[in-house]
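> This one is target-v8.txt, compact mmCIF, C-alpha atoms (C1' of nucleotides).
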# COMPACT_ATOMS: atom_id res chain seq x y z
CA MET A 733 0.00 0.00 0.00
CA ASN A 734 1.24 3.33 -1.10
CA TYR A 735 -0.11 6.34 0.72
CA ALA A 736 2.58 8.97 0.15
CA PRO A 737 1.41 10.33 -3.24
CA PHE A 738 -1.90 11.23 -1.70
CA LEU A 739 -0.27 13.20 1.11
CA ASN A 740 2.11 14.87 -1.32
CA TYR A 741 -0.79 15.94 -3.44
CA ILE A 742 -2.59 17.46 -0.48
CA LYS A 743 0.57 19.18 0.66
CA ASN A 744 0.47 21.21 -2.54
CA PHE A 745 -2.64 22.93 -1.28
CA VAL A 746 -2.77 22.78 2.52
CA ASP A 747 -0.52 21.89 5.44
CA LEU A 748 -1.71 19.14 7.72
CA ASN A 749 -0.20 18.37 11.09
CA GLU A 750 0.54 14.87 12.39
CA LYS A 751 -2.79 14.50 14.13
CA GLU A 752 -4.69 15.53 11.03
CA ILE A 753 -2.74 13.14 8.87
CA THR A 754 -3.47 10.30 11.27
CA PHE A 755 -7.13 11.23 11.21
CA LEU A 756 -7.20 11.39 7.43
CA ARG A 757 -5.54 8.00 7.15
CA SER A 758 -8.09 6.40 9.42
CA TYR A 759 -10.97 7.76 7.38
CA THR A 760 -9.63 6.77 3.96
CA ASN A 761 -8.53 3.47 2.59
CA TYR A 762 -6.29 2.07 -0.07
CA LYS A 763 -7.58 -0.19 -2.79
CA LYS A 764 -6.16 -1.80 -5.88
CA TYR A 765 -8.27 -2.53 -8.95
CA PHE A 766 -7.20 -4.51 -11.98
CA LYS A 767 -7.39 -3.56 -15.61
CA GLY A 768 -10.91 -3.99 -16.90
CA GLN A 769 -12.46 -3.91 -13.45
CA TYR A 770 -15.39 -1.63 -12.71
CA ILE A 771 -15.12 0.79 -9.81
CA VAL A 772 -18.69 1.93 -10.37
CA GLN A 773 -21.35 0.35 -12.53
CA GLN A 774 -24.28 2.14 -14.19
CA GLY A 775 -27.30 1.55 -11.94
CA GLU A 776 -25.32 1.14 -8.73
CA VAL A 777 -24.65 3.82 -6.15
CA CYS A 778 -21.17 5.34 -6.31
CA ASN A 779 -19.99 4.81 -2.73
CA HIS A 780 -16.51 6.23 -2.96
CA THR A 781 -14.56 9.16 -4.19
CA ASN A 782 -11.22 7.91 -5.45
CA PHE A 783 -7.86 9.58 -5.67
CA ILE A 784 -5.68 7.81 -8.20
CA ILE A 785 -2.20 6.80 -7.00
CA SER A 786 -1.37 4.95 -10.19
CA GLY A 787 -3.28 3.78 -13.21
CA CYS A 788 -5.99 5.18 -15.44
CA THR A 789 -9.78 5.12 -15.43
CA GLU A 790 -12.55 6.06 -17.80
CA ASN A 791 -15.98 7.37 -16.88
CA PHE A 792 -18.57 6.44 -19.50
CA TYR A 793 -22.23 5.74 -20.07
CA ILE A 794 -24.35 3.86 -22.55
CA ASP A 795 -27.08 5.90 -24.20
CA GLN A 796 -30.54 4.84 -25.41
CA LYS A 797 -29.15 3.74 -28.76
CA GLY A 798 -26.67 1.49 -26.99
CA GLN A 799 -23.77 3.72 -27.81
CA GLU A 800 -20.89 4.24 -25.39
CA HIS A 801 -19.73 7.77 -24.54
CA ILE A 802 -16.65 8.55 -22.49
CA VAL A 803 -17.21 11.57 -20.27
CA THR A 804 -13.82 11.77 -18.56
CA PHE A 805 -10.51 10.05 -18.19
CA ALA A 806 -8.53 10.14 -14.98
CA ILE A 807 -4.90 9.33 -14.27
CA GLU A 808 -2.39 9.70 -11.40
CA ASN A 809 -3.16 12.61 -9.07
CA TRP A 810 -6.67 13.03 -10.39
CA TRP A 811 -9.96 12.27 -8.75
CA SER A 812 -12.33 9.69 -10.12
CA SER A 813 -15.93 9.03 -9.17
CA ASP A 814 -19.43 9.74 -10.30
CA ILE A 815 -19.97 12.87 -8.33
CA SER A 816 -23.69 12.99 -9.04
CA SER A 817 -24.32 9.55 -7.58
CA PHE A 818 -21.85 10.12 -4.77
CA ILE A 819 -23.49 13.26 -3.45
CA THR A 820 -27.07 12.07 -3.87
CA GLN A 821 -26.34 8.42 -3.03
CA LYS A 822 -28.67 7.44 -5.86
CA PRO A 823 -27.93 4.95 -8.65
CA SER A 824 -25.30 6.15 -11.06
CA ASP A 825 -25.83 6.90 -14.74
CA PHE A 826 -22.17 6.18 -15.38
CA ASN A 827 -19.57 3.47 -15.28
CA VAL A 828 -16.10 3.98 -13.91
CA LYS A 829 -13.77 1.36 -15.31
CA CYS A 830 -10.04 0.79 -15.04
CA LEU A 831 -8.08 1.01 -18.27
CA GLU A 832 -4.96 -0.15 -16.43
CA ASP A 833 -4.26 -1.69 -13.04
CA THR A 834 -5.20 1.16 -10.77
CA GLU A 835 -4.37 1.99 -7.14
CA VAL A 836 -6.57 4.48 -5.35
CA ILE A 837 -7.09 6.13 -2.00
CA GLN A 838 -10.80 6.27 -1.42
CA PHE A 839 -13.37 7.42 1.09
CA THR A 840 -17.11 7.15 1.55
CA CYS A 841 -19.65 9.92 1.72
CA GLN A 842 -19.96 9.67 5.52
CA ASN A 843 -16.22 9.66 5.93
CA GLN A 844 -15.95 12.69 3.71
CA ASP A 845 -18.33 14.50 6.02
CA GLU A 846 -16.25 13.44 9.02
CA ILE A 847 -13.07 14.60 7.37
CA PHE A 848 -14.55 17.99 6.52
CA LYS A 849 -15.96 18.38 10.02
CA ASN A 850 -12.63 17.59 11.67
CA ILE A 851 -10.29 19.17 9.14
CA PRO A 852 -12.03 22.24 7.69
CA LYS A 853 -8.98 22.90 5.52
CA MET A 854 -9.92 19.79 3.62
CA GLU A 855 -13.32 21.18 2.84
CA THR A 856 -11.70 24.36 1.57
CA LEU A 857 -9.44 22.25 -0.61
CA PHE A 858 -12.40 20.39 -2.04
CA ARG A 859 -14.32 23.57 -2.66
CA LYS A 860 -11.39 24.86 -4.67
CA LEU A 861 -11.07 21.61 -6.57
CA LEU A 862 -14.74 21.77 -7.42
CA GLU A 863 -14.34 25.34 -8.63
CA LYS A 864 -11.60 24.25 -10.98
CA ALA A 865 -13.52 21.23 -12.16
CA LEU A 866 -16.50 23.43 -12.92
CA VAL A 867 -14.35 25.86 -14.88
CA SER A 868 -12.88 23.10 -16.99
CA SER A 869 -16.28 21.54 -17.55
CA GLN A 870 -17.57 24.89 -18.78
CA LYS A 871 -14.51 25.23 -20.93
CA ARG A 872 -15.42 22.00 -22.60
CA ILE A 873 -18.91 23.26 -23.36
CA VAL A 874 -17.42 26.42 -24.80
CA ASN A 875 -15.07 24.43 -27.00
CA ASN A 876 -17.99 22.39 -28.21
CA PHE A 877 -19.63 25.62 -29.29
CA SER A 878 -16.72 27.20 -31.06
CA LEU A 879 -14.30 24.55 -32.23
CA SER A 880 -14.45 22.11 -35.12
CA ALA A 881 -13.79 18.46 -34.33
CA LYS A 882 -10.25 18.91 -35.57
CA ASP A 883 -9.55 21.84 -33.28
CA GLN A 884 -11.10 20.06 -30.35
CA TYR A 885 -8.76 17.18 -30.95
CA ILE A 886 -5.76 19.51 -31.06
CA TYR A 887 -6.92 21.15 -27.85
CA PHE A 888 -7.30 17.76 -26.21
CA LYS A 889 -3.80 16.72 -27.22
CA ASN A 890 -2.31 19.87 -25.77
CA GLN A 891 -4.27 19.74 -22.58
CA TYR A 892 -3.87 16.03 -21.87
CA PRO A 893 -0.61 15.07 -23.54
CA ASN A 894 -0.23 12.10 -21.21
CA ILE A 895 -3.49 10.44 -21.96
CA GLU A 896 -3.43 9.92 -25.69
CA GLN A 897 -0.60 7.38 -25.56
CA ARG A 898 -2.29 5.41 -22.83
CA VAL A 899 -5.72 4.86 -24.30
CA PRO A 900 -6.83 3.50 -27.67
CA GLN A 901 -7.79 6.00 -30.32
CA TYR A 902 -11.44 5.02 -30.44
CA MET A 903 -11.73 6.09 -26.81
CA VAL A 904 -10.28 9.49 -27.58
CA ALA A 905 -12.90 9.78 -30.34
CA SER A 906 -15.61 8.86 -27.87
CA TYR A 907 -14.35 11.47 -25.41
CA LEU A 908 -14.40 14.09 -28.15
CA GLY A 909 -17.91 13.08 -29.16
CA ILE A 910 -16.99 12.03 -32.68
CA THR A 911 -16.75 8.67 -34.44
CA LYS A 912 -13.53 6.70 -34.55
CA GLU A 913 -13.61 6.82 -38.33
CA PHE A 914 -13.79 10.58 -38.36
CA LEU A 915 -10.96 10.96 -35.86
CA SER A 916 -8.88 8.70 -38.04
CA LYS A 917 -9.53 11.00 -41.00
CA ILE A 918 -8.68 14.06 -38.93
CA LYS A 919 -5.34 12.55 -37.95
CA ALA A 920 -4.56 11.59 -41.54
CA HIS A 921 -5.34 15.13 -42.59
CA LEU A 922 -3.15 16.62 -39.86
CA VAL A 923 -0.22 14.44 -40.84
CA LYS A 924 -0.53 15.42 -44.48
CA ASN A 925 -0.93 19.17 -43.98
CA LYS A 926 1.44 19.74 -41.09
CA SER A 927 4.70 18.45 -39.65
CA MET B 1206 -33.01 47.36 -0.95
CA ASN B 1207 -34.35 43.89 -0.63
CA TYR B 1208 -32.29 41.43 1.37
CA ALA B 1209 -34.88 38.88 2.50
CA PRO B 1210 -34.87 36.60 -0.58
CA PHE B 1211 -31.18 35.99 -0.08
CA LEU B 1212 -31.64 34.95 3.54
CA ASN B 1213 -34.60 32.80 2.64
CA TYR B 1214 -32.55 31.06 0.02
CA ILE B 1215 -29.77 30.35 2.48
CA LYS B 1216 -32.24 29.13 5.07
CA ASN B 1217 -33.13 26.30 2.69
CA PHE B 1218 -29.68 24.87 3.24
CA VAL B 1219 -28.27 26.05 6.58
CA ASP B 1220 -29.44 27.78 9.73
CA LEU B 1221 -27.71 31.00 10.62
CA ASN B 1222 -28.01 32.73 13.98
CA GLU B 1223 -28.45 36.48 14.43
CA LYS B 1224 -24.77 37.16 14.75
CA GLU B 1225 -23.98 35.26 11.61
CA ILE B 1226 -26.68 37.05 9.67
CA THR B 1227 -25.32 40.38 10.79
CA PHE B 1228 -21.87 39.34 9.74
CA LEU B 1229 -23.08 38.13 6.37
CA ARG B 1230 -24.92 41.39 5.75
CA SER B 1231 -21.86 43.44 6.49
CA TYR B 1232 -19.77 41.43 4.04
CA THR B 1233 -22.23 41.51 1.15
CA ASN B 1234 -23.92 44.35 -0.61
CA TYR B 1235 -27.00 45.06 -2.61
CA LYS B 1236 -26.85 46.44 -6.13
CA LYS B 1237 -29.33 47.21 -8.85
CA TYR B 1238 -28.44 46.96 -12.52
CA PHE B 1239 -30.58 48.08 -15.44
CA LYS B 1240 -31.58 46.17 -18.53
CA GLY B 1241 -28.73 46.08 -21.01
CA GLN B 1242 -26.10 46.86 -18.39
CA TYR B 1243 -22.97 44.74 -18.11
CA ILE B 1244 -22.12 43.22 -14.74
CA VAL B 1245 -18.87 41.82 -16.15
CA GLN B 1246 -17.20 42.61 -19.44
CA GLN B 1247 -14.91 40.31 -21.43
CA GLY B 1248 -11.35 41.36 -20.59
CA GLU B 1249 -12.13 42.72 -17.13
CA VAL B 1250 -11.74 40.88 -13.85
CA CYS B 1251 -14.97 39.55 -12.40
CA ASN B 1252 -14.89 41.09 -8.93
CA HIS B 1253 -18.15 39.82 -7.55
CA THR B 1254 -20.26 36.76 -7.20
CA ASN B 1255 -23.89 37.76 -7.54
CA PHE B 1256 -27.02 36.24 -6.14
CA ILE B 1257 -30.04 37.34 -8.17
CA ILE B 1258 -32.95 38.78 -6.18
CA SER B 1259 -34.92 39.73 -9.26
CA GLY B 1260 -34.23 39.95 -12.97
CA CYS B 1261 -32.35 37.89 -15.50
CA THR B 1262 -28.79 37.77 -16.81
CA GLU B 1263 -26.94 36.09 -19.62
CA ASN B 1264 -23.35 34.92 -19.60
CA PHE B 1265 -21.86 34.98 -23.09
CA TYR B 1266 -18.64 35.32 -25.03
CA ILE B 1267 -17.58 36.35 -28.49
CA ASP B 1268 -15.45 33.81 -30.35
CA GLN B 1269 -12.67 34.34 -32.90
CA LYS B 1270 -15.16 34.53 -35.75
CA GLY B 1271 -17.02 37.30 -33.93
CA GLN B 1272 -19.90 35.06 -33.07
CA GLU B 1273 -21.76 35.36 -29.78
CA HIS B 1274 -22.38 32.27 -27.65
CA ILE B 1275 -24.55 32.24 -24.56
CA VAL B 1276 -23.12 29.93 -21.93
CA THR B 1277 -25.71 30.35 -19.17
CA PHE B 1278 -28.80 32.25 -18.19
CA ALA B 1279 -29.55 33.13 -14.59
CA ILE B 1280 -32.77 34.25 -12.93
CA GLU B 1281 -34.10 34.81 -9.40
CA ASN B 1282 -32.42 32.62 -6.77
CA TRP B 1283 -29.56 31.69 -9.05
CA TRP B 1284 -25.95 32.73 -8.90
CA SER B 1285 -24.35 34.72 -11.64
CA SER B 1286 -20.68 35.45 -12.19
CA ASP B 1287 -17.73 34.29 -14.19
CA ILE B 1288 -16.39 31.81 -11.74
CA SER B 1289 -13.12 31.33 -13.60
CA SER B 1290 -12.21 35.01 -13.46
CA PHE B 1291 -13.56 35.34 -9.93
CA ILE B 1292 -11.39 32.62 -8.44
CA THR B 1293 -8.23 33.49 -10.37
CA GLN B 1294 -8.82 37.27 -10.37
CA LYS B 1295 -7.67 37.31 -13.98
CA PRO B 1296 -9.45 38.97 -16.92
CA SER B 1297 -12.67 37.28 -17.85
CA ASP B 1298 -13.38 35.52 -21.14
CA PHE B 1299 -17.07 36.21 -20.67
CA ASN B 1300 -19.63 38.96 -20.45
CA VAL B 1301 -22.40 38.99 -17.89
CA LYS B 1302 -25.22 41.22 -19.08
CA CYS B 1303 -28.66 42.01 -17.72
CA LEU B 1304 -31.59 41.01 -19.90
CA GLU B 1305 -33.95 42.77 -17.49
CA ASP B 1306 -33.54 45.20 -14.63
CA THR B 1307 -31.72 43.04 -12.12
CA GLU B 1308 -31.23 43.26 -8.35
CA VAL B 1309 -28.41 41.28 -6.80
CA ILE B 1310 -26.69 40.59 -3.52
CA GLN B 1311 -22.99 40.46 -4.22
CA PHE B 1312 -19.67 39.93 -2.53
CA THR B 1313 -16.02 40.15 -3.47
CA CYS B 1314 -13.41 37.43 -3.42
CA GLN B 1315 -11.85 38.70 -0.18
CA ASN B 1316 -15.21 38.99 1.47
CA GLN B 1317 -16.06 35.48 0.38
CA ASP B 1318 -12.94 34.27 2.16
CA GLU B 1319 -13.91 36.21 5.28
CA ILE B 1320 -17.39 34.77 5.19
CA PHE B 1321 -16.11 31.24 4.86
CA LYS B 1322 -13.59 31.76 7.63
CA ASN B 1323 -16.19 33.13 10.04
CA ILE B 1324 -19.16 31.01 9.00
CA PRO B 1325 -17.87 27.59 7.96
CA LYS B 1326 -21.43 26.50 7.24
CA MET B 1327 -21.37 28.91 4.33
CA GLU B 1328 -18.37 27.21 2.86
CA THR B 1329 -20.15 23.89 3.15
CA LEU B 1330 -23.13 25.43 1.39
CA PHE B 1331 -20.92 26.66 -1.43
CA ARG B 1332 -19.18 23.36 -1.76
CA LYS B 1333 -22.54 21.72 -2.22
CA LEU B 1334 -23.66 24.32 -4.72
CA LEU B 1335 -20.50 23.76 -6.69
CA GLU B 1336 -21.10 20.02 -6.67
CA LYS B 1337 -24.54 20.56 -8.13
CA ALA B 1338 -23.29 23.05 -10.68
CA LEU B 1339 -20.64 20.58 -11.79
CA VAL B 1340 -23.20 17.82 -12.14
CA SER B 1341 -25.44 19.97 -14.30
CA SER B 1342 -22.52 21.14 -16.39
CA GLN B 1343 -21.56 17.53 -17.01
CA LYS B 1344 -25.16 16.75 -17.80
CA ARG B 1345 -25.03 19.36 -20.52
CA ILE B 1346 -21.95 17.76 -22.03
CA VAL B 1347 -23.68 14.41 -21.94
CA ASN B 1348 -26.73 15.83 -23.68
CA ASN B 1349 -24.50 17.29 -26.34
CA PHE B 1350 -23.17 13.80 -26.93
CA SER B 1351 -26.42 11.93 -27.09
CA LEU B 1352 -29.21 14.28 -28.09
CA SER B 1353 -30.12 15.81 -31.44
CA ALA B 1354 -30.66 19.56 -31.48
CA LYS B 1355 -34.40 18.94 -31.30
CA ASP B 1356 -34.14 16.79 -28.20
CA GLN B 1357 -31.79 19.25 -26.56
CA TYR B 1358 -34.35 21.95 -27.13
CA ILE B 1359 -37.08 19.80 -25.57
CA TYR B 1360 -34.82 19.10 -22.61
CA PHE B 1361 -34.10 22.79 -22.21
CA LYS B 1362 -37.80 23.65 -22.23
CA ASN B 1363 -38.54 21.09 -19.54
CA GLN B 1364 -35.63 22.03 -17.36
CA TYR B 1365 -35.98 25.80 -17.60
CA PRO B 1366 -39.67 26.40 -18.27
CA ASN B 1367 -39.38 29.92 -16.87
CA ILE B 1368 -36.65 31.15 -19.10
CA GLU B 1369 -38.00 30.62 -22.59
CA GLN B 1370 -40.75 33.22 -22.20
CA ARG B 1371 -38.34 35.79 -20.86
CA VAL B 1372 -35.66 35.76 -23.53
CA PRO B 1373 -35.86 36.05 -27.31
CA GLN B 1374 -35.69 32.89 -29.35
CA TYR B 1375 -32.34 33.65 -30.93
CA MET B 1376 -30.78 33.62 -27.47
CA VAL B 1377 -32.23 30.22 -26.74
CA ALA B 1378 -30.68 29.06 -29.99
CA SER B 1379 -27.34 30.50 -28.95
CA TYR B 1380 -27.56 28.74 -25.58
CA LEU B 1381 -28.28 25.47 -27.34
CA GLY B 1382 -25.37 26.00 -29.70
CA ILE B 1383 -27.46 26.07 -32.86
CA THR B 1384 -28.45 28.81 -35.29
CA LYS B 1385 -31.64 30.79 -34.86
CA GLU B 1386 -32.82 29.60 -38.26
CA PHE B 1387 -32.44 25.99 -37.31
CA LEU B 1388 -34.25 26.45 -34.00
CA SER B 1389 -37.07 28.06 -35.92
CA LYS B 1390 -37.28 24.99 -38.14
CA ILE B 1391 -37.22 22.68 -35.14
CA LYS B 1392 -40.14 24.53 -33.57
CA ALA B 1393 -42.12 24.46 -36.82
CA HIS B 1394 -41.52 20.75 -37.03
CA LEU B 1395 -42.60 20.18 -33.43
CA VAL B 1396 -45.83 22.11 -33.96
CA LYS B 1397 -46.67 20.12 -37.07
CA ASN B 1398 -45.91 16.66 -35.71
CA LYS B 1399 -47.15 16.99 -32.15
CA SER B 1400 -49.76 18.88 -30.13
C1' DC C 96 1.62 -17.88 -35.97
C1' DG C 97 -3.20 -16.86 -35.99
C1' DA C 98 -7.30 -14.59 -34.23
C1' DA C 99 -9.26 -10.68 -32.50
C1' DA C 100 -9.13 -5.86 -31.93
C1' DA C 101 -8.01 -1.38 -33.63
C1' DT C 102 -7.35 1.62 -37.37
C1' DT C 103 -7.76 3.27 -42.08
C1' DT C 104 -10.10 4.25 -46.33
C1' DG C 105 -13.86 5.20 -49.51
C1' DA C 106 -18.70 5.87 -51.07
C1' DC C 107 -22.65 7.69 -49.69
C1' DA C 108 -26.16 9.89 -46.34
C1' DT C 109 -27.73 13.51 -43.24
C1' DG C 110 -28.12 17.04 -39.62
C1' DA C 111 -27.15 21.41 -39.09
C1' DC C 112 -25.23 25.81 -41.20
C1' DT C 113 -25.19 29.81 -44.53
C1' DC C 114 -27.20 33.12 -47.05
C1' DA C 115 -30.80 35.64 -48.80
C1' DA C 116 -35.46 36.81 -49.23
C1' DC C 117 -39.71 37.40 -46.92
C1' DT C 118 -43.27 38.20 -42.98
C1' DG C 119 -44.98 40.43 -39.19
C1' DG C 120 -45.09 43.04 -35.18
C1' DA C 121 -43.46 47.34 -32.31
C1' DG C 122 -42.14 51.56 -31.99
C1' DT C 123 -41.42 56.39 -33.79
C1' DG C 124 -42.27 60.49 -35.91
C1' DG C 125 -44.77 63.36 -39.05
C1' DC D 427 -53.43 57.26 -38.16
C1' DC D 428 -50.35 56.25 -41.78
C1' DA D 429 -45.53 55.46 -43.50
C1' DC D 430 -41.17 54.00 -42.16
C1' DT D 431 -37.85 51.52 -39.99
C1' DC D 432 -36.09 48.02 -37.08
C1' DC D 433 -35.82 43.73 -35.11
C1' DA D 434 -37.24 38.95 -34.45
C1' DG D 435 -38.72 35.17 -36.62
C1' DT D 436 -39.73 32.17 -40.81
C1' DT D 437 -38.78 29.74 -45.08
C1' DG D 438 -36.18 27.69 -48.86
C1' DA D 439 -32.05 26.40 -51.72
C1' DG D 440 -27.62 25.00 -51.58
C1' DT D 441 -23.44 23.53 -48.86
C1' DC D 442 -20.39 21.46 -45.49
C1' DA D 443 -18.97 18.91 -41.47
C1' DT D 444 -19.57 14.82 -39.67
C1' DG D 445 -21.90 10.25 -39.52
C1' DT D 446 -22.86 5.43 -41.44
C1' DC D 447 -21.63 1.31 -43.36
C1' DA D 448 -18.64 -1.92 -45.30
C1' DA D 449 -14.31 -3.54 -46.77
C1' DA D 450 -9.25 -3.52 -46.39
C1' DT D 451 -5.21 -3.12 -43.58
C1' DT D 452 -2.44 -2.97 -39.46
C1' DT D 453 -1.53 -3.90 -34.69
C1' DT D 454 -1.86 -6.48 -30.53
C1' DC D 455 -1.44 -10.32 -27.95
C1' DG D 456 -2.41 -15.09 -26.50
Produce structure tokens that represent the structure in this file.

Amino acid sequence: MNYAPFLNYIKNFVDLNEKEITFLRSYTNYKKYFKGQYIVQQGEVCNHTNFIISGCTENFYIDQKGQEHIVTFAIENWWSSDISSFITQKPSDFNVKCLEDTEVIQFTCQNQDEIFKNIPKMETLFRKLLEKALVSSQKRIVNNFSLSAKDQYIYFKNQYPNIEQRVPQYMVASYLGITKEFLSKIKAHLVKNKS
Amino acid sequence: MNYAPFLNYIKNFVDLNEKEITFLRSYTNYKKYFKGQYIVQQGEVCNHTNFIISGCTENFYIDQKGQEHIVTFAIENWWSSDISSFITQKPSDFNVKCLEDTEVIQFTCQNQDEIFKNIPKMETLFRKLLEKALVSSQKRIVNNFSLSAKDQYIYFKNQYPNIEQRVPQYMVASYLGITKEFLSKIKAHLVKNKS
DNA sequence: CGAAAATTTGACATGACTCAACTGGAGTGG
DNA sequence: CCACTCCAGTTGAGTCATGTCAAATTTTCG
């Protein structure tokens, strides 16, 4: 079990003393998932928020037509859960699935409340994380408005340079909301006209 | 000046005692804007978060091609600001403009910090609001993936029944990310095939 | 090596956009 | 009260970005 990356991450934002760290440890736990395993399954309640120590997850759903859509990826030092299900404790509309063997630090909804009650700094941290997540979610909507599929792909590559090599291309297409065939054509076009 | 709706709103989530209410009042202020007035202008820092007592605002930006895109509307009991600029205190990419005469309760970034420091319940409230905002932002991305323009329009009408009558149709189109002409055609089609 | 999965390519289809012309109210001023 | 303009909305013809489907090719991995 490998707890240090989690504490290092937190240290970037707030300072915790020994007692707080001990508390935090006792209200979180380590878990290892294997490639292909589901952390959350559509229809089940998402019981944990997960901080990724190593590995990679996708968050996707299946729509009425049976088509799969990837909403987010998450890698080391990111958070992964279905926040909607987690906060309401109602069945999730999404799946969270491991694309690689994945180690996480996780906590339940009740434990999150305990942590926030006992370490208010942690609530401040989470509020700020949520602010940032909201900004980047809005940014994605804005890009959808203004950018062609090609430009959205370029934006994605710049913003998440580490992800493209780790996931198959058809998943990138799904994340961008386009077909795998069309992404393939975009890439062919980029190779021809640039570099 | 009309402060009660703000307190009523807060009372839905947390209980504040007299002292806390007094504190809150002294760290927020009331302001009235007129129809057409800008609360935030693209390029300026968004100094305030605004809670709308009465009226209606739009949050929009102008893209490279000079085209206007509405990102959000806000009406009574909603929050209105450019959160990205507010939290970073950097120039905003968006405009916030009043579509009607609009009364708000507002506070600055520093005052928000003071409020959270002195009334931790308020930070909890904001964390929860941010969670919900993030969920609905993600929901919009998901709808973009799965729904045709027509179905997105239907969804919009159901979710925001109060807004459509208050803003012109071309703004609804902009919010949905489609052209006004196409929305007009969608509506004609809906009238013919249903009702 | 062989099978399955992922990617590429091409022909064709379609949802949504563009542009331009038209309709119909809502002022505004004479 | 009419004539004029302005703005929002409608309609239609043509176009373009992206999707669909199917076949061919490449990569991955047991």
> Could you build a table of the residues in chain A lying no more than 12 Å from chain D, giving for each the nearest pair of atoms and their separation in Å rounded to one decimal place, using only C-alpha atoms (C1' of nucleotides), ordered by chain and ascending residue number, as a tab-separated table?

residue	atom	partner	partner_atom	distance
A:Leu879	CA	D:DA443	C1'	11.8
A:Ser880	CA	D:DA443	C1'	8.4
A:Ala881	CA	D:DT444	C1'	8.7
A:Lys882	CA	D:DA443	C1'	10.5
A:Pro900	CA	D:DT453	C1'	11.5
A:Gly909	CA	D:DT444	C1'	10.8
A:Ile910	CA	D:DT444	C1'	8.0
A:Thr911	CA	D:DG445	C1'	7.4
A:Lys912	CA	D:DG445	C1'	10.4
A:Glu913	CA	D:DG445	C1'	9.1
A:Phe914	CA	D:DT444	C1'	7.3
A:Leu915	CA	D:DT444	C1'	10.2
A:Lys917	CA	D:DT444	C1'	10.8
A:Ile918	CA	D:DT444	C1'	10.9
> I need the chosen residues saved as a PDB file, in the coordinates of the input, with C-alpha atoms.

ATOM      1  CA  LEU A 879     -14.300  24.550 -32.230  1.00  0.00           C
ATOM      2  CA  SER A 880     -14.450  22.110 -35.120  1.00  0.00           C
ATOM      3  CA  ALA A 881     -13.790  18.460 -34.330  1.00  0.00           C
ATOM      4  CA  LYS A 882     -10.250  18.910 -35.570  1.00  0.00           C
ATOM      5  CA  PRO A 900      -6.830   3.500 -27.670  1.00  0.00           C
ATOM      6  CA  GLY A 909     -17.910  13.080 -29.160  1.00  0.00           C
ATOM      7  CA  ILE A 910     -16.990  12.030 -32.680  1.00  0.00           C
ATOM      8  CA  THR A 911     -16.750   8.670 -34.440  1.00  0.00           C
ATOM      9  CA  LYS A 912     -13.530   6.700 -34.550  1.00  0.00           C
ATOM     10  CA  GLU A 913     -13.610   6.820 -38.330  1.00  0.00           C
ATOM     11  CA  PHE A 914     -13.790  10.580 -38.360  1.00  0.00           C
ATOM     12  CA  LEU A 915     -10.960  10.960 -35.860  1.00  0.00           C
ATOM     13  CA  LYS A 917      -9.530  11.000 -41.000  1.00  0.00           C
ATOM     14  CA  ILE A 918      -8.680  14.060 -38.930  1.00  0.00           C
TER      15      ILE A 918
END
> Residues of chain C were defined as contacting chain A if any atom lay at most 9 Å from it, counting only C-alpha atoms (C1' of nucleotides); please report them as a PyMOL selection string.
chain C and resi 101-104
> Within 7 Å of chain A, which residues belong to chain B? Use only C-alpha atoms and report them as a list in words.
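Interface list for chain B against chain A: Asp1268, Ser1289, Arg1332, Leu1335, Glu1336, Leu1339, Val1340, Ser1342, Gln1343, Ile1346, Phe1350, Ser1351 and Gly1382 of chain B.
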> Please indicate the distance in Å from atom CA of Asn1252 of chain B to atom CA of Arg1371 of chain B, rounded to one decimal place.
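Between atom CA of Asn1252 of chain B and atom CA of Arg1371 of chain B the gap works out to 26.8 Å.
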> Work out how far atom CA of Asn1222 of chain B is from atom CA of Thr1307 of chain B, in Å to one decimal.
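Here the two named atoms are 28.3 Å from each other.
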> What is the atom CA of Glu808 of chain A to atom CA of Ile785 of chain A distance in Å?
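Those two atoms sit 5.3 Å apart.
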> Could you list, as a PyMOL selection string, every residue within 12 Å of Phe755 of chain A, counting only C-alpha atoms (C1' of nucleotides) and ignoring same-chain residues fewer than 3 positions away?
chain A and resi 748-752+758-761+843-844+846-851+854
> Once 4 Å is added on each side, what are the centre and the three edge lengths, in Å to one decimal, of the axis-aligned box enclosing the listed atoms of segment 1335-1354 of chain B? Present them as AutoDock Vina command-line options.

--center_x -25.6 --center_y 17.8 --center_z -19.1 --size_x 18.2 --size_y 19.8 --size_z 32.8
> Which residues are close to Ser786 of chain A, i.e. within 9 Å by only C-alpha atoms (C1' of nucleotides), leaving aside same-chain residues fewer than 2 positions away? Reply as a VMD selection string.
chain A and resid 784 788 807 to 809 832 to 836
